[in-house]
Amino acid sequence: MKTMRTCLFVAFAYCVAHSCPLLAADELKYPSPDGRFALRITQLKDDEYHPTVELIEKDSGKVMVTLHSASDTELFDASESVLVWSADSKSVAYGFRDSPPGVREVSRGALVCFWNGSGFDKVFLPENLPVPKIKFPKGKGENVKPYGGGVKPLRWLKSGDLEMSSEDMVLLEDDDKSYTGVLQFTISFDAQHHASVKKVGKTKTEVE
């Protein structure tokens with residue numbers, strides 16, 4: 001028993017002296033309107049790009065659903081993770097950047113969760129979501145370098161539909177300017193929470 005206590009003490013002392021990666025930091029963000037739930041991001045001190053992202057019950061700390069697991073082998077930056085809640089706290093959209101940190105080409109995605117009475121069920125959105133059609137100057141647009149894009153949740157409507165944004169950014173090598181196409185669309189859900197694209201807006205092109 002004495003040997004075990006000594007080993008535990010040595011291990012603890014080593015962690016303190018060397019900033020042991022087992023020591024994790026939790027961050028709570030985006031509480032639900034009723035104050036019951038929130039997004040929890042847990043990051044290891046020495047491994048910030050393998051976080052665990054969970055939807056939890058704030059008072060108890062109970063995990064309602066895991067949105068991203070630290071056991072995943074791909075690098076993940078949780079700093080841009082966001083929750084968008086419905087007014088009744090029963091529907092939530094999770095937006096994230098799934099491109100590895102340091103990669104210039106951005107990739108964004110989203111999924112939705114619905115309250116089932118005791119927890120939240122994940123609902124994945126359709127694969128072929130609307131993509132902006134960037135408007136280039138006449139006679140240009142062939143020599144482009146992609147910078148990425150994707151979708152992100154914006155707000156829940158009173159109808160129960162989810163409003164989202166789709167972005168696509170490229171560098172036009174002809175004039176060395178970046179062009180970002182942005183459009184908004186809505187996703188509707190049936191009684192079984194199957195998702196479908198309902199309304200698609202027009203692309204707005206921004207030039208920098």
# chains A, B, ... in the order shown; residues from 1 in each chain; ligands from 1

call {"tool": "select_by_dssp", "arguments": {"residues": "stretch 10-201 of chain A", "states": "helix (DSSP H, G or I)", "output": "ChimeraX atom specification"}}
result
/A:10-17,78-80

call {"tool": "residues_around", "arguments": {"residues": "A:Leu111", "least_positions_apart": "3", "cutoff": "10 Å", "atoms": "only C-alpha atoms", "output": "list of chain:residue names"}}
result
A:Leu67, A:Leu83, A:Val92, A:Ala93, A:Tyr94, A:Gly95, A:Phe96, A:Lys122, A:Val123, A:Phe124, A:Leu125, A:Pro126, A:Lys152, A:Pro153

call {"tool": "residues_around", "arguments": {"residues": "stretch 134-145 of chain A", "least_positions_apart": "3", "cutoff": "9 Å", "atoms": "only C-alpha atoms", "output": "PDB file with C-alpha atoms, in the first residue's frame"}}
result
ATOM      1  CA  ASP A 168     -17.633  29.861 -50.543  1.00  0.00           C
ATOM      2  CA  MET A 169     -14.407  31.849 -50.807  1.00  0.00           C
ATOM      3  CA  VAL A 170     -11.793  31.839 -53.566  1.00  0.00           C
ATOM      4  CA  LEU A 171      -8.815  33.890 -54.680  1.00  0.00           C
ATOM      5  CA  LEU A 172      -9.130  35.133 -58.268  1.00  0.00           C
ATOM      6  CA  GLU A 173      -5.585  35.053 -59.575  1.00  0.00           C
ATOM      7  CA  ASP A 174      -6.466  37.341 -62.491  1.00  0.00           C
ATOM      8  CA  TYR A 179     -14.286  36.686 -53.685  1.00  0.00           C
ATOM      9  CA  THR A 180     -16.741  35.366 -51.121  1.00  0.00           C
ATOM     10  CA  GLY A 181     -20.154  34.122 -52.153  1.00  0.00           C
ATOM     11  CA  VAL A 182     -22.809  34.037 -49.430  1.00  0.00           C
ATOM     12  CA  THR A 203     -25.958  34.727 -53.743  1.00  0.00           C
ATOM     13  CA  LYS A 204     -24.289  37.910 -52.594  1.00  0.00           C
ATOM     14  CA  THR A 205     -20.671  38.296 -53.665  1.00  0.00           C
ATOM     15  CA  GLU A 206     -18.200  40.213 -51.530  1.00  0.00           C
TER      16      GLU A 206
END

call {"tool": "closest_residue", "arguments": {"among": "A:Asp26, A:Gly149, A:Leu129, A:Phe120", "to": "A:Arg108", "atoms": "only C-alpha atoms"}}
result
A:Gly149

call {"tool": "select_by_dssp", "arguments": {"residues": "stretch 48-94 of chain A", "states": "strand (DSSP E)", "output": "list in words"}}
result
Glu48, Tyr49, His50, Pro51, Thr52, Val53, Glu54, Leu55, Ile56, Glu57, Val63, Met64, Val65, Thr66, Leu67, His68, Val82, Leu83, Val84, Trp85, Ser91, Val92, Ala93 and Tyr94 of chain A

call {"tool": "closest_residue", "arguments": {"among": "A:Ser159, A:Leu28, A:Ser81, A:Lys198", "to": "A:Lys58", "atoms": "only C-alpha atoms"}}
result
A:Leu28

call {"tool": "decode", "arguments": {"residues": "stretch 49-65 of chain A", "atoms": "all heavy atoms", "output": "PDB file, in the first residue's frame"}}
result
ATOM      1  N   TYR A  49      -5.865  20.473 -29.786  1.00  0.00           N
ATOM      2  CA  TYR A  49      -6.526  20.131 -31.032  1.00  0.00           C
ATOM      3  C   TYR A  49      -7.144  18.739 -31.029  1.00  0.00           C
ATOM      4  O   TYR A  49      -7.454  18.181 -32.075  1.00  0.00           O
ATOM      5  CB  TYR A  49      -5.558  20.292 -32.207  1.00  0.00           C
ATOM      6  CG  TYR A  49      -5.130  21.729 -32.397  1.00  0.00           C
ATOM      7  CD1 TYR A  49      -3.789  22.066 -32.543  1.00  0.00           C
ATOM      8  CD2 TYR A  49      -6.071  22.760 -32.394  1.00  0.00           C
ATOM      9  CE1 TYR A  49      -3.400  23.384 -32.707  1.00  0.00           C
ATOM     10  CE2 TYR A  49      -5.687  24.077 -32.552  1.00  0.00           C
ATOM     11  CZ  TYR A  49      -4.353  24.384 -32.706  1.00  0.00           C
ATOM     12  OH  TYR A  49      -3.970  25.697 -32.867  1.00  0.00           O
ATOM     13  N   HIS A  50      -7.309  18.146 -29.841  1.00  0.00           N
ATOM     14  CA  HIS A  50      -8.092  16.924 -29.675  1.00  0.00           C
ATOM     15  C   HIS A  50      -9.085  17.144 -28.536  1.00  0.00           C
ATOM     16  O   HIS A  50      -9.031  16.453 -27.512  1.00  0.00           O
ATOM     17  CB  HIS A  50      -7.191  15.714 -29.392  1.00  0.00           C
ATOM     18  CG  HIS A  50      -6.448  15.216 -30.588  1.00  0.00           C
ATOM     19  ND1 HIS A  50      -5.170  15.616 -30.889  1.00  0.00           N
ATOM     20  CD2 HIS A  50      -6.824  14.379 -31.588  1.00  0.00           C
ATOM     21  CE1 HIS A  50      -4.778  15.028 -32.011  1.00  0.00           C
ATOM     22  NE2 HIS A  50      -5.758  14.269 -32.458  1.00  0.00           N
ATOM     23  N   PRO A  51      -9.999  18.099 -28.689  1.00  0.00           N
ATOM     24  CA  PRO A  51     -10.944  18.406 -27.614  1.00  0.00           C
ATOM     25  C   PRO A  51     -12.136  17.450 -27.620  1.00  0.00           C
ATOM     26  O   PRO A  51     -12.365  16.716 -28.583  1.00  0.00           O
ATOM     27  CB  PRO A  51     -11.410  19.817 -27.969  1.00  0.00           C
ATOM     28  CG  PRO A  51     -11.401  19.814 -29.474  1.00  0.00           C
ATOM     29  CD  PRO A  51     -10.206  18.959 -29.863  1.00  0.00           C
ATOM     30  N   THR A  52     -12.856  17.462 -26.523  1.00  0.00           N
ATOM     31  CA  THR A  52     -14.154  16.805 -26.452  1.00  0.00           C
ATOM     32  C   THR A  52     -15.219  17.897 -26.376  1.00  0.00           C
ATOM     33  O   THR A  52     -15.130  18.799 -25.542  1.00  0.00           O
ATOM     34  CB  THR A  52     -14.263  15.902 -25.210  1.00  0.00           C
ATOM     35  OG1 THR A  52     -13.294  14.854 -25.315  1.00  0.00           O
ATOM     36  CG2 THR A  52     -15.645  15.284 -25.110  1.00  0.00           C
ATOM     37  N   VAL A  53     -16.194  17.835 -27.271  1.00  0.00           N
ATOM     38  CA  VAL A  53     -17.262  18.827 -27.317  1.00  0.00           C
ATOM     39  C   VAL A  53     -18.580  18.123 -27.009  1.00  0.00           C
ATOM     40  O   VAL A  53     -18.951  17.166 -27.701  1.00  0.00           O
ATOM     41  CB  VAL A  53     -17.335  19.512 -28.699  1.00  0.00           C
ATOM     42  CG1 VAL A  53     -18.400  20.603 -28.706  1.00  0.00           C
ATOM     43  CG2 VAL A  53     -15.977  20.114 -29.068  1.00  0.00           C
ATOM     44  N   GLU A  54     -19.275  18.594 -25.960  1.00  0.00           N
ATOM     45  CA  GLU A  54     -20.484  17.916 -25.508  1.00  0.00           C
ATOM     46  C   GLU A  54     -21.603  18.918 -25.214  1.00  0.00           C
ATOM     47  O   GLU A  54     -21.347  20.056 -24.821  1.00  0.00           O
ATOM     48  CB  GLU A  54     -20.191  17.135 -24.229  1.00  0.00           C
ATOM     49  CG  GLU A  54     -19.118  16.069 -24.375  1.00  0.00           C
ATOM     50  CD  GLU A  54     -18.559  15.621 -23.044  1.00  0.00           C
ATOM     51  OE1 GLU A  54     -18.310  16.489 -22.183  1.00  0.00           O
ATOM     52  OE2 GLU A  54     -18.362  14.408 -22.864  1.00  0.00           O
ATOM     53  N   LEU A  55     -22.814  18.464 -25.380  1.00  0.00           N
ATOM     54  CA  LEU A  55     -23.986  19.195 -24.912  1.00  0.00           C
ATOM     55  C   LEU A  55     -24.347  18.597 -23.562  1.00  0.00           C
ATOM     56  O   LEU A  55     -24.587  17.397 -23.455  1.00  0.00           O
ATOM     57  CB  LEU A  55     -25.138  19.030 -25.904  1.00  0.00           C
ATOM     58  CG  LEU A  55     -26.455  19.725 -25.568  1.00  0.00           C
ATOM     59  CD1 LEU A  55     -26.268  21.221 -25.409  1.00  0.00           C
ATOM     60  CD2 LEU A  55     -27.497  19.442 -26.657  1.00  0.00           C
ATOM     61  N   ILE A  56     -24.327  19.436 -22.528  1.00  0.00           N
ATOM     62  CA  ILE A  56     -24.509  18.906 -21.172  1.00  0.00           C
ATOM     63  C   ILE A  56     -25.663  19.602 -20.442  1.00  0.00           C
ATOM     64  O   ILE A  56     -26.128  20.672 -20.844  1.00  0.00           O
ATOM     65  CB  ILE A  56     -23.233  19.072 -20.325  1.00  0.00           C
ATOM     66  CG1 ILE A  56     -22.963  20.568 -20.051  1.00  0.00           C
ATOM     67  CG2 ILE A  56     -22.051  18.410 -20.984  1.00  0.00           C
ATOM     68  CD1 ILE A  56     -22.004  20.815 -18.921  1.00  0.00           C
ATOM     69  N   GLU A  57     -26.102  18.978 -19.374  1.00  0.00           N
ATOM     70  CA  GLU A  57     -27.007  19.598 -18.424  1.00  0.00           C
ATOM     71  C   GLU A  57     -26.122  20.367 -17.432  1.00  0.00           C
ATOM     72  O   GLU A  57     -25.254  19.779 -16.787  1.00  0.00           O
ATOM     73  CB  GLU A  57     -27.831  18.534 -17.710  1.00  0.00           C
ATOM     74  CG  GLU A  57     -28.930  19.088 -16.827  1.00  0.00           C
ATOM     75  CD  GLU A  57     -29.798  17.983 -16.255  1.00  0.00           C
ATOM     76  OE1 GLU A  57     -29.236  17.024 -15.683  1.00  0.00           O
ATOM     77  OE2 GLU A  57     -31.033  18.065 -16.386  1.00  0.00           O
ATOM     78  N   LYS A  58     -26.353  21.662 -17.314  1.00  0.00           N
ATOM     79  CA  LYS A  58     -25.431  22.509 -16.560  1.00  0.00           C
ATOM     80  C   LYS A  58     -25.330  22.132 -15.086  1.00  0.00           C
ATOM     81  O   LYS A  58     -24.235  22.043 -14.538  1.00  0.00           O
ATOM     82  CB  LYS A  58     -25.844  23.979 -16.697  1.00  0.00           C
ATOM     83  CG  LYS A  58     -25.599  24.573 -18.077  1.00  0.00           C
ATOM     84  CD  LYS A  58     -26.119  26.007 -18.150  1.00  0.00           C
ATOM     85  CE  LYS A  58     -25.403  26.907 -17.171  1.00  0.00           C
ATOM     86  NZ  LYS A  58     -25.895  28.311 -17.253  1.00  0.00           N
ATOM     87  N   ASP A  59     -26.455  21.933 -14.418  1.00  0.00           N
ATOM     88  CA  ASP A  59     -26.425  21.705 -12.964  1.00  0.00           C
ATOM     89  C   ASP A  59     -25.763  20.389 -12.588  1.00  0.00           C
ATOM     90  O   ASP A  59     -24.997  20.318 -11.626  1.00  0.00           O
ATOM     91  CB  ASP A  59     -27.847  21.755 -12.392  1.00  0.00           C
ATOM     92  CG  ASP A  59     -28.436  23.162 -12.420  1.00  0.00           C
ATOM     93  OD1 ASP A  59     -27.654  24.120 -12.598  1.00  0.00           O
ATOM     94  OD2 ASP A  59     -29.666  23.294 -12.267  1.00  0.00           O
ATOM     95  N   SER A  60     -26.059  19.342 -13.337  1.00  0.00           N
ATOM     96  CA  SER A  60     -25.537  18.022 -12.990  1.00  0.00           C
ATOM     97  C   SER A  60     -24.245  17.670 -13.724  1.00  0.00           C
ATOM     98  O   SER A  60     -23.506  16.784 -13.297  1.00  0.00           O
ATOM     99  CB  SER A  60     -26.587  16.954 -13.304  1.00  0.00           C
ATOM    100  OG  SER A  60     -26.803  16.865 -14.716  1.00  0.00           O
ATOM    101  N   GLY A  61     -23.991  18.339 -14.848  1.00  0.00           N
ATOM    102  CA  GLY A  61     -22.843  17.984 -15.671  1.00  0.00           C
ATOM    103  C   GLY A  61     -23.082  16.767 -16.541  1.00  0.00           C
ATOM    104  O   GLY A  61     -22.177  16.296 -17.236  1.00  0.00           O
ATOM    105  N   LYS A  62     -24.319  16.243 -16.523  1.00  0.00           N
ATOM    106  CA  LYS A  62     -24.651  15.057 -17.309  1.00  0.00           C
ATOM    107  C   LYS A  62     -24.533  15.347 -18.796  1.00  0.00           C
ATOM    108  O   LYS A  62     -24.995  16.374 -19.286  1.00  0.00           O
ATOM    109  CB  LYS A  62     -26.073  14.607 -16.990  1.00  0.00           C
ATOM    110  CG  LYS A  62     -26.531  13.386 -17.768  1.00  0.00           C
ATOM    111  CD  LYS A  62     -27.968  13.019 -17.422  1.00  0.00           C
ATOM    112  CE  LYS A  62     -28.455  11.837 -18.230  1.00  0.00           C
ATOM    113  NZ  LYS A  62     -29.878  11.503 -17.923  1.00  0.00           N
ATOM    114  N   VAL A  63     -23.912  14.426 -19.520  1.00  0.00           N
ATOM    115  CA  VAL A  63     -23.737  14.576 -20.965  1.00  0.00           C
ATOM    116  C   VAL A  63     -25.024  14.181 -21.682  1.00  0.00           C
ATOM    117  O   VAL A  63     -25.495  13.051 -21.564  1.00  0.00           O
ATOM    118  CB  VAL A  63     -22.562  13.717 -21.470  1.00  0.00           C
ATOM    119  CG1 VAL A  63     -22.444  13.830 -22.986  1.00  0.00           C
ATOM    120  CG2 VAL A  63     -21.259  14.142 -20.797  1.00  0.00           C
ATOM    121  N   MET A  64     -25.596  15.122 -22.408  1.00  0.00           N
ATOM    122  CA  MET A  64     -26.800  14.855 -23.195  1.00  0.00           C
ATOM    123  C   MET A  64     -26.455  14.208 -24.537  1.00  0.00           C
ATOM    124  O   MET A  64     -27.116  13.288 -24.996  1.00  0.00           O
ATOM    125  CB  MET A  64     -27.564  16.162 -23.438  1.00  0.00           C
ATOM    126  CG  MET A  64     -28.067  16.852 -22.178  1.00  0.00           C
ATOM    127  SD  MET A  64     -29.440  15.943 -21.388  1.00  0.00           S
ATOM    128  CE  MET A  64     -28.589  15.133 -20.043  1.00  0.00           C
ATOM    129  N   VAL A  65     -25.390  14.702 -25.155  1.00  0.00           N
ATOM    130  CA  VAL A  65     -24.931  14.118 -26.419  1.00  0.00           C
ATOM    131  C   VAL A  65     -23.501  14.597 -26.661  1.00  0.00           C
ATOM    132  O   VAL A  65     -23.151  15.735 -26.348  1.00  0.00           O
ATOM    133  CB  VAL A  65     -25.848  14.509 -27.604  1.00  0.00           C
ATOM    134  CG1 VAL A  65     -25.862  16.012 -27.836  1.00  0.00           C
ATOM    135  CG2 VAL A  65     -25.434  13.794 -28.877  1.00  0.00           C
TER     136      VAL A  65
END
